[in-house]
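Everything on this sheet refers to the single structure shown next.
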Amino acid sequence: LLIARAVLKKSAPADDKSELSRYLSGVKDFTPAKEFMGVDGTSGIALDERARKICLIGKNGNFSSRVFSHQEILSSEIAEDGVQIVKYSRRSMVEDSIREEQPAEQPDESDGSEWGAEEQAAFQNAPATVKKITLHVMVADTQNPNHAVTFSNSEFERGSVNHNISLAAARQWHSRLCILMQQADNEAEIAASQGEICRESPYVADEINKLAELMKSGFITEEEFNLQKGKLLRGS
């Protein structure tokens, strides 16, 4: 297990990690809760959980960074040797994923046993070894919309401990991004429905706004919000 964990650490020694942490501490309006520097040392990603922001990190001698809100994350995908294996996109985007994954707080370390027939066949026919695992993130930046972070850059046997650990780490970050995108979609849906209501009934719109604030603050769940919203819309 110690050898396997070294897969993710061997290209990011303690000094490099400290350097990244020091750099992120100086990024304006961003408080990192989690961070990862790719094993090739050229790119990374960090998450501000409280503000629901991500920081896309580059390194070409010196660090560079770009910060985006959860609403500006457009898609996330994982590729093995350049072949997409999973993708999740904002509902507002045209989706062309091979297999769309629903958000999950924990990474799915499935070996393919829970996939459908097509995915099972693809998994069984995949090459025996994997050389590179990459997380691709698309953001709302017309100048530079794509960002890639490498989680494995060594050839491993598919399904081996080293391969599984690298893939699980990539999937964990992918899942975090999925959750942020789903939250952004839910907020957009609420805003759209409130816009329609506002034109018809200012009172109902105001009440739904109050419920939305309660949900964002954690006082009520999304299910409770939808229930009360439905009652307001029905006038009951």
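Here, A, B, ... name the chains of the structure tokens in the order displayed, residue numbers run from 1 inside each chain, and ligands are numbered from 1 in the same displayed order.
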Need the shell around Ala170 in chain A: protein/DNA/RNA residues with any atom at most 9 Å away, counting only C-alpha atoms. Skip same-chain ones fewer than 5 positions apart. Format as a ChimeraX atom specification? /A:78,107,133-135,149-151,165,175
With only C-alpha atoms as the atoms that count, which of A:Ala79, A:Leu24, A:Ala184, A:Leu56 lies nearest to Lys216 in chain A?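 Ranked by minimum distance to Lys216 in chain A, first place goes to A:Ala184.
Nearest-residue note for Thr31 in chain A: choosing from A:Ile73, A:Ile54, A:Val86, A:Ser43, the minimum distance belongs to A:Ile54, counting only C-alpha atoms.
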DSSP says strand (DSSP E or B) for which residues of range 3-89 of chain A? Put them as a PyMOL selection string? chain A and resi 34-37+43-48+53-60+62-69+73-80+83-89
